[in-house]
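Peer 1: My questions all concern the structure below.
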Amino acid sequence: MSLEFLNAFKFMKKESFLHNLDPRAKLVLALTYTISALLFNQIIPLLIIFLSLIPLVIFGKILKQWIKSIRGLSFLVLFIIILNTLFLSLSFAIAMIFRICIMVSAFSIFFLTVDPNDLALSLISMKFPYEFAFSFSLAFRFVPTIANEAQNIIDAQQSRGYEMQKKGFINQIKNLFPLLIPLIICSIKRAFNVAEALESRAFGSKKERSYYYTIKFSLKDWIFTIYLILILIIFIFIKIQFSVMPDWLVWRLPV
Amino acid sequence: MITIYISKDLPLIIIENVDYVYPNGTVALKNINLNVHKGEMLGIMGKNGAGKTTLIRTLNGLIRPTSGDIYINNENTNSKSIAELSKNIGLIFQNPSHQLFANSVEDEINFSLKNLYLNKEELQIKTNEILKKFNLDKYRDRSPLNLSGGESKKLAIASIICRAPEILVFDEPTLGQDAREIESFIKLINTEKEKGKTIIIITHNIEFAFEFIPRTILMESGEIIADGPTQNVLNNNFLTERSSLILPQTRQLSLALQKIGFQDINKAVSKNDIIEYLINFLRNKTTSVQEE
Ligand SMILES: Nc1ncnc2c1ncn2[C@@H]1O[C@H](COP(=O)(O)OP(=O)(O)OP(=O)(O)O)[C@@H](O)[C@H]1O
Ligand SMILES: [Mg+2]
């Protein structure tokens with residue numbers, strides 16, 4: 001098994017309209033899409049929201065990674081289909097898949113295009129305490145490291161005959177221990193190491209900080225944000241007026 | 001390239017024109033061709049990022065070559081699962097904390113054996129046997145997480161060797177080990193070698209390679225740039241410089257002595273040989289002085 005899909009959340013420096021936006025504008029983007037996805041549970045509206053992500057992804061030059069992140073969801077998708085069709089209906093299951101895909105895409109767009117350094121800065125500008133902002137961006141920075149470590153753990157266990165696929169739900173849960181325990185222990189060890197490294201560089205010794213980089217919310221960020229908020233308002237309006245909307249919006253699968 | 005290993009038997013491991021490209025586009029192996037015979041001990045050396053770990057990960061199917069084939073025991077590995085291949089090929093990675101997870105040392109060994117589907121009795125016998133062999137029976141009930149660095153490394157090795165694979169592959173086993181631990185590691189691989197096991201060792205420890213590994217391949221940027229007797233490969237200044245290797249001090253000494261006329265020191269290869277040579281030389285010298 002490969003953890004390649006985690007790369008779908010890894011920032012890469014690129015020049016694009018999305019990359020050049022302020023991180024806060026992109027946070028608004030992620031939230032707008034998440035809220036919109038939560039507003040509806042019918043196929044058609046969710047499909048429209050989902051499709052509206054595609055131009056963003058293409059102009060943001062992150063199509064490849066985005067497709068990977070969607071593909072990484074395939075396991076979850078299967079799970080949702082099975083559970084929902086068993087207990088509810090196939091239409092609902094498909095709608096829920098679109099919902100998950102929209103929410104994951106929204107955050108994958110955010111993480112793919114926000115430089116972890118800018119992330120800390122934007123959190124500070126939103127009046128979060130520096131320690132919090134720093135920990136957050138640090139956690140962010142360690143995602144690929146942990147993915148790498150997880151891959152090494154999977155390799156090591158498979159080399160002693162461990163099999164990823166086991167039959168039965170209980171067995172599958174039990175089967176996670178050989179991977180999770182080493183992963184947690186290694187992460188705790190690393191956390192201590194990082195803490196020591198930070199302290200030995202006098203982290204937190206001064207209350208007042210200066211910053212090497214600055215971020216600025218410019219005109220294009222305002223335009224983009226206002227555009228997003230407008231979209232959100234339209235969606236909320238549709239939601240409220242749902243009963244008077246045309247039939248095709250509430251279309252369901254015949255089964 | 002120096003290849004002087006000729007044998008009438010078919011090699012145990014045949015790697016044919018193997019390329020590997022990581023999904024992110026990194027070309028990690030380029031046209032690798034390598035034969036390893038049963039009972040051979042092979043060293044893999046090369047700079048960081050040369051592709052050593054990638055190469056051994058292809059052996060038990062953790063990654064599949066992008067192109068090319070790998071045959072083990074004359075069977076193509078591409079149709080076999082990792083679980084099947086790992087019965088034959090035991091890969092032992094550098095960091096024991098990547099695999100130790102059980103409640104006790106005993107359970108840790110049991111876990112490795114369970115995957116071989118032994119029955120209860122066999123399992124118990126084998127576990128006891130291996131704990132004794134590795135001097136770990138006094139820790140039997142201890143948590144593997146409370147072992148020292150050297151001990152947990154030993155346990156990680158034991159948890160592979162208990163499965164009795166025909167081929168043992170180590171990724172940097174001597175890293176961060178003190179002299180005594182390295183010594184006990186050498187003892188261990190010698191025992192395995194005597195049993196006829198084939199052993200592959202990735203190492204940056206040139207002194208260790210020089211003394212104990214008969215054949216070495218040198219890798220650079222995903223290619224094998226040299227293959228032959230360790231001493232020949234590592235004596236080649238051009239190659240060692242390309243691979244950022246520094247010759248062992250004893251080798252440097254013997255090269256310096258050769259330059260000033262001690263030609264026959266070239267035959268002394270290991271540290272002990274050189275010490276013996278020098279002792280003999282000095283002894284002869286003192287006796288001849290006394291005779292005068
Ligand atoms: N999971 C991965 N994804 C992408 N590239 C990788 C991955 N693992 C290794 N690489 C790259 O492949 C190349 C070979 O790596 P490999 O780990 O095989 O080197 P190595 O010879 O074992 O080095 P070292 O001596 O540092 O252990 C390097 O350029 C490395 O950056
Ligand atoms: Mg390596």
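Ordering of the structure tokens sets the chain letters (A, B, ...), residue numbers begin anew at 1 in every chain, and ligands are numbered from 1 in the order given.
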Residues at most 12 Å from ligand 2, using only C-alpha atoms and all ligand atoms? Could they come as a ChimeraX atom specification?

Peer 2: /A:152 /B:28,44-57,92-95,170-173,175,201-204,219,222

Peer 1: Select from chain A every residue with an atom at most 10 Å from any atom of chain B, then for each give the shortest pair of atoms and their distance in Å to one decimal, using only C-alpha atoms, rows by chain and rising number, as a tab-separated table.

Peer 2:
residue	atom	partner	partner_atom	distance
A:Met1	CA	B:Leu62	CA	8.3
A:Ser2	CA	B:Ile63	CA	9.2
A:Glu4	CA	B:Pro23	CA	7.6
A:Asn7	CA	B:Asn24	CA	8.9
A:Glu149	CA	B:His98	CA	7.9
A:Ala150	CA	B:His98	CA	8.4
A:Gln151	CA	B:His98	CA	9.6
A:Asn152	CA	B:His98	CA	6.8
A:Ile153	CA	B:His98	CA	4.8
A:Ile154	CA	B:His98	CA	8.3
A:Asp155	CA	B:Leu62	CA	6.5
A:Ala156	CA	B:Gln99	CA	5.9
A:Gln157	CA	B:Gln99	CA	5.9
A:Gln158	CA	B:Ala83	CA	6.9
A:Ser159	CA	B:Ser86	CA	5.5
A:Arg160	CA	B:Ser112	CA	5.6
A:Gly161	CA	B:Ala83	CA	5.1
A:Tyr162	CA	B:Asn115	CA	6.5
A:Glu163	CA	B:Ala83	CA	6.8
A:Met164	CA	B:Ala83	CA	9.7
A:Phe177	CA	B:Phe101	CA	7.5
A:Pro178	CA	B:Phe101	CA	5.8
A:Leu179	CA	B:Gln99	CA	7.8
A:Leu180	CA	B:Phe101	CA	8.6
A:Ile181	CA	B:Phe101	CA	5.7
A:Pro182	CA	B:His98	CA	5.5
A:Leu183	CA	B:His98	CA	7.3
A:Ile185	CA	B:Ser97	CA	7.9
A:Cys186	CA	B:Ser97	CA	7.0

Peer 1: Within 7 Å of Pro116 (chain A), counting only C-alpha atoms, which residues show up once you throw out same-chain ones fewer than 2 positions away? Write them as a list in words, please.

Peer 2: Val114, Asp118, Leu119, Ala120, Ser137, Phe140 and Arg141 of chain A

Peer 1: Would you put the residues from that selection into a file with all heavy atoms, as a tab-separated table (two decimals), in the first residue's frame?

Peer 2:
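Wrote it out as result.tsv, contents follow:
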chain	number	residue	atom	x	y	z
A	114	VAL	N	-1.46	27.03	-0.05
A	114	VAL	CA	-1.03	27.94	1.02
A	114	VAL	C	0.33	27.51	1.54
A	114	VAL	O	0.51	26.38	1.98
A	114	VAL	CB	-2.06	27.96	2.17
A	114	VAL	CG1	-1.52	28.78	3.34
A	114	VAL	CG2	-3.37	28.52	1.70
A	118	ASP	N	3.21	31.26	5.33
A	118	ASP	CA	2.16	32.28	5.25
A	118	ASP	C	1.00	31.93	6.16
A	118	ASP	O	0.33	32.82	6.69
A	118	ASP	CB	1.63	32.39	3.82
A	118	ASP	CG	2.66	33.00	2.90
A	118	ASP	OD1	3.69	33.48	3.43
A	118	ASP	OD2	2.45	32.99	1.69
A	119	LEU	N	0.78	30.65	6.32
A	119	LEU	CA	-0.33	30.20	7.14
A	119	LEU	C	-0.16	30.72	8.57
A	119	LEU	O	-1.08	31.28	9.15
A	119	LEU	CB	-0.37	28.67	7.14
A	119	LEU	CG	-1.55	28.08	7.87
A	119	LEU	CD1	-2.82	28.42	7.15
A	119	LEU	CD2	-1.40	26.58	7.98
A	120	ALA	N	1.05	30.56	9.11
A	120	ALA	CA	1.31	31.05	10.45
A	120	ALA	C	1.06	32.56	10.51
A	120	ALA	O	0.39	33.07	11.41
A	120	ALA	CB	2.74	30.73	10.86
A	137	SER	N	1.29	25.64	12.11
A	137	SER	CA	2.05	25.53	10.86
A	137	SER	C	3.11	24.44	10.96
A	137	SER	O	3.49	23.83	9.98
A	137	SER	CB	2.67	26.88	10.48
A	137	SER	OG	3.69	27.19	11.38
A	140	PHE	N	1.43	21.17	10.27
A	140	PHE	CA	1.26	21.19	8.83
A	140	PHE	C	2.53	20.71	8.11
A	140	PHE	O	2.50	19.86	7.24
A	140	PHE	CB	1.03	22.66	8.52
A	140	PHE	CG	0.33	22.92	7.26
A	140	PHE	CD1	-0.98	22.55	7.13
A	140	PHE	CD2	0.98	23.56	6.22
A	140	PHE	CE1	-1.63	22.83	5.96
A	140	PHE	CE2	0.33	23.84	5.06
A	140	PHE	CZ	-0.97	23.46	4.92
A	141	ARG	N	3.62	21.27	8.59
A	141	ARG	CA	4.92	20.98	8.00
A	141	ARG	C	5.28	19.50	8.19
A	141	ARG	O	6.02	18.93	7.39
A	141	ARG	CB	5.94	21.93	8.64
A	141	ARG	CG	7.26	21.36	9.03
A	141	ARG	CD	8.21	21.36	7.85
A	141	ARG	NE	9.46	20.70	8.16
A	141	ARG	CZ	9.63	19.41	8.25
A	141	ARG	NH1	8.59	18.60	8.08
A	141	ARG	NH2	10.81	18.90	8.51

Peer 1: Here is a test: counting only C-alpha atoms, which residue of A:Thr32, A:Ser135, A:Thr85, A:Thr145 is nearest to Ala106 (chain A)?

Peer 2: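 Once distances to Ala106 (chain A) are computed over only C-alpha atoms, the minimum belongs to A:Thr32.
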
Peer 1: In Å, rounded to a single decimal, give me how far CA of Asn232 (chain B) is from CA of Asn280 (chain B).

Peer 2: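 Separation between CA of Asn280 (chain B) and CA of Asn232 (chain B): 25.3 Å.
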
Peer 1: Excluding Ile94 (chain A) and residues on its chain fewer than 2 positions from it, collect all residues at most 10 Å away from it, counting only C-alpha atoms, and give them as number ranges by chain.

Peer 2: A: 41-43, 46-47, 77, 80-81, 84-85, 89-92, 96-100, 252-253

Peer 1: Can you list, as a ChimeraX atom specification, every residue of region 27-254 of chain B that DSSP puts in strand (DSSP E)?

Peer 2: /B:27-36,41-46,67-72,75-76,89-92,167-171,198-202,215-220,223-229

Peer 1: Separation of CA of Leu255 (chain B) and CA of Ala209 (chain B), in Å?

Peer 2: 17.7 Å

Peer 1: Could you check the closest approach to Lys68 (chain A) for each of A:Leu230, A:Leu53, A:Leu219, A:Val104 and tell me which residue wins, using only C-alpha atoms?

Peer 2: A:Val104

Peer 1: Using DSSP on the backbone, list every residue of region 140-179 of chain B that comes out as alpha helix (DSSP H), and give them as a ChimeraX atom specification.

Peer 2: /B:149-161,179

Peer 1: Taking N, CA and C atoms for each residue, export the selection above as a short mmCIF file (atom, residue, chain, number, x, y, z; two decimals), in the first residue's frame.

Peer 2:
data_model
loop_
_atom_site.label_atom_id
_atom_site.label_comp_id
_atom_site.auth_asym_id
_atom_site.auth_seq_id
_atom_site.Cartn_x
_atom_site.Cartn_y
_atom_site.Cartn_z
N GLY B 149 18.68 0.88 22.89
CA GLY B 149 18.80 0.95 21.43
C GLY B 149 19.36 -0.32 20.83
N GLY B 150 20.46 -0.82 21.41
CA GLY B 150 21.10 -2.02 20.89
C GLY B 150 20.20 -3.24 21.01
N GLU B 151 19.52 -3.32 22.16
CA GLU B 151 18.65 -4.48 22.38
C GLU B 151 17.46 -4.47 21.43
N SER B 152 16.89 -3.27 21.22
CA SER B 152 15.72 -3.25 20.33
C SER B 152 16.14 -3.56 18.90
N LYS B 153 17.37 -3.16 18.55
CA LYS B 153 17.87 -3.53 17.23
C LYS B 153 17.98 -5.04 17.11
N LYS B 154 18.50 -5.64 18.19
CA LYS B 154 18.66 -7.09 18.22
C LYS B 154 17.30 -7.77 18.08
N LEU B 155 16.32 -7.23 18.79
CA LEU B 155 14.98 -7.81 18.72
C LEU B 155 14.40 -7.68 17.31
N ALA B 156 14.63 -6.53 16.69
CA ALA B 156 14.13 -6.35 15.32
C ALA B 156 14.76 -7.37 14.38
N ILE B 157 16.06 -7.60 14.57
CA ILE B 157 16.73 -8.59 13.74
C ILE B 157 16.19 -9.98 14.04
N ALA B 158 16.03 -10.27 15.35
CA ALA B 158 15.50 -11.59 15.74
C ALA B 158 14.11 -11.81 15.15
N SER B 159 13.33 -10.74 15.07
CA SER B 159 11.96 -10.91 14.59
C SER B 159 11.91 -11.20 13.09
N ILE B 160 13.01 -11.00 12.42
CA ILE B 160 13.07 -11.42 11.01
C ILE B 160 13.74 -12.78 10.89
N ILE B 161 14.84 -12.96 11.63
CA ILE B 161 15.60 -14.20 11.49
C ILE B 161 14.78 -15.41 11.95
N ALA B 179 31.22 -0.36 19.25
CA ALA B 179 32.11 -1.39 18.71
C ALA B 179 31.68 -2.78 19.13
#

Peer 1: Kindly indicate which residue among A:Ala147, A:Ile35, A:Ile109, A:Met103 lies nearest to ligand 1, using only C-alpha atoms and all ligand atoms for the distances.

Peer 2: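 For ligand 1, the nearest of the candidates is A:Ala147.
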
Peer 1: Would you kindly return, as a PDB file with N, CA, C and O atoms, in the first residue's frame, each protein, DNA or RNA residue with an atom no farther than 7 Å from any atom of region 221-224 of chain A, considering only C-alpha atoms and excluding same-chain residues fewer than 4 positions away?

Peer 2:
ATOM      1  N   LEU A  21      -3.184  34.305  -4.111  1.00  0.00           N
ATOM      2  CA  LEU A  21      -4.170  34.887  -3.204  1.00  0.00           C
ATOM      3  C   LEU A  21      -3.674  34.845  -1.760  1.00  0.00           C
ATOM      4  O   LEU A  21      -2.845  34.017  -1.390  1.00  0.00           O
ATOM      5  N   ASP A  22      -4.230  35.728  -0.970  1.00  0.00           N
ATOM      6  CA  ASP A  22      -3.911  35.734   0.453  1.00  0.00           C
ATOM      7  C   ASP A  22      -4.486  34.464   1.110  1.00  0.00           C
ATOM      8  O   ASP A  22      -5.589  34.026   0.764  1.00  0.00           O
ATOM      9  N   ALA A  25      -8.065  34.628   2.177  1.00  0.00           N
ATOM     10  CA  ALA A  25      -9.078  34.509   1.124  1.00  0.00           C
ATOM     11  C   ALA A  25      -9.324  33.045   0.815  1.00  0.00           C
ATOM     12  O   ALA A  25     -10.454  32.611   0.570  1.00  0.00           O
ATOM     13  N   PHE A 217      -3.572  41.717   2.363  1.00  0.00           N
ATOM     14  CA  PHE A 217      -4.868  41.420   1.769  1.00  0.00           C
ATOM     15  C   PHE A 217      -5.119  42.477   0.707  1.00  0.00           C
ATOM     16  O   PHE A 217      -5.497  43.605   1.006  1.00  0.00           O
ATOM     17  N   LEU A 228     -17.024  35.046  -3.355  1.00  0.00           N
ATOM     18  CA  LEU A 228     -17.351  33.819  -2.610  1.00  0.00           C
ATOM     19  C   LEU A 228     -18.559  34.026  -1.716  1.00  0.00           C
ATOM     20  O   LEU A 228     -19.458  33.185  -1.643  1.00  0.00           O
TER      21      LEU A 228
END

Peer 1: One decimal, Å: what's the distance from CA of Phe210 (chain B) over to CA of Gly261 (chain B), could you say?

Peer 2: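 CA of Gly261 (chain B) lies 23.2 Å from CA of Phe210 (chain B).
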
Peer 1: Could you check which of A:Asn148, A:Ser200, A:Ser218, A:Gln241 is closest to ligand 1, using only C-alpha atoms and all ligand atoms?

Peer 2: A:Asn148
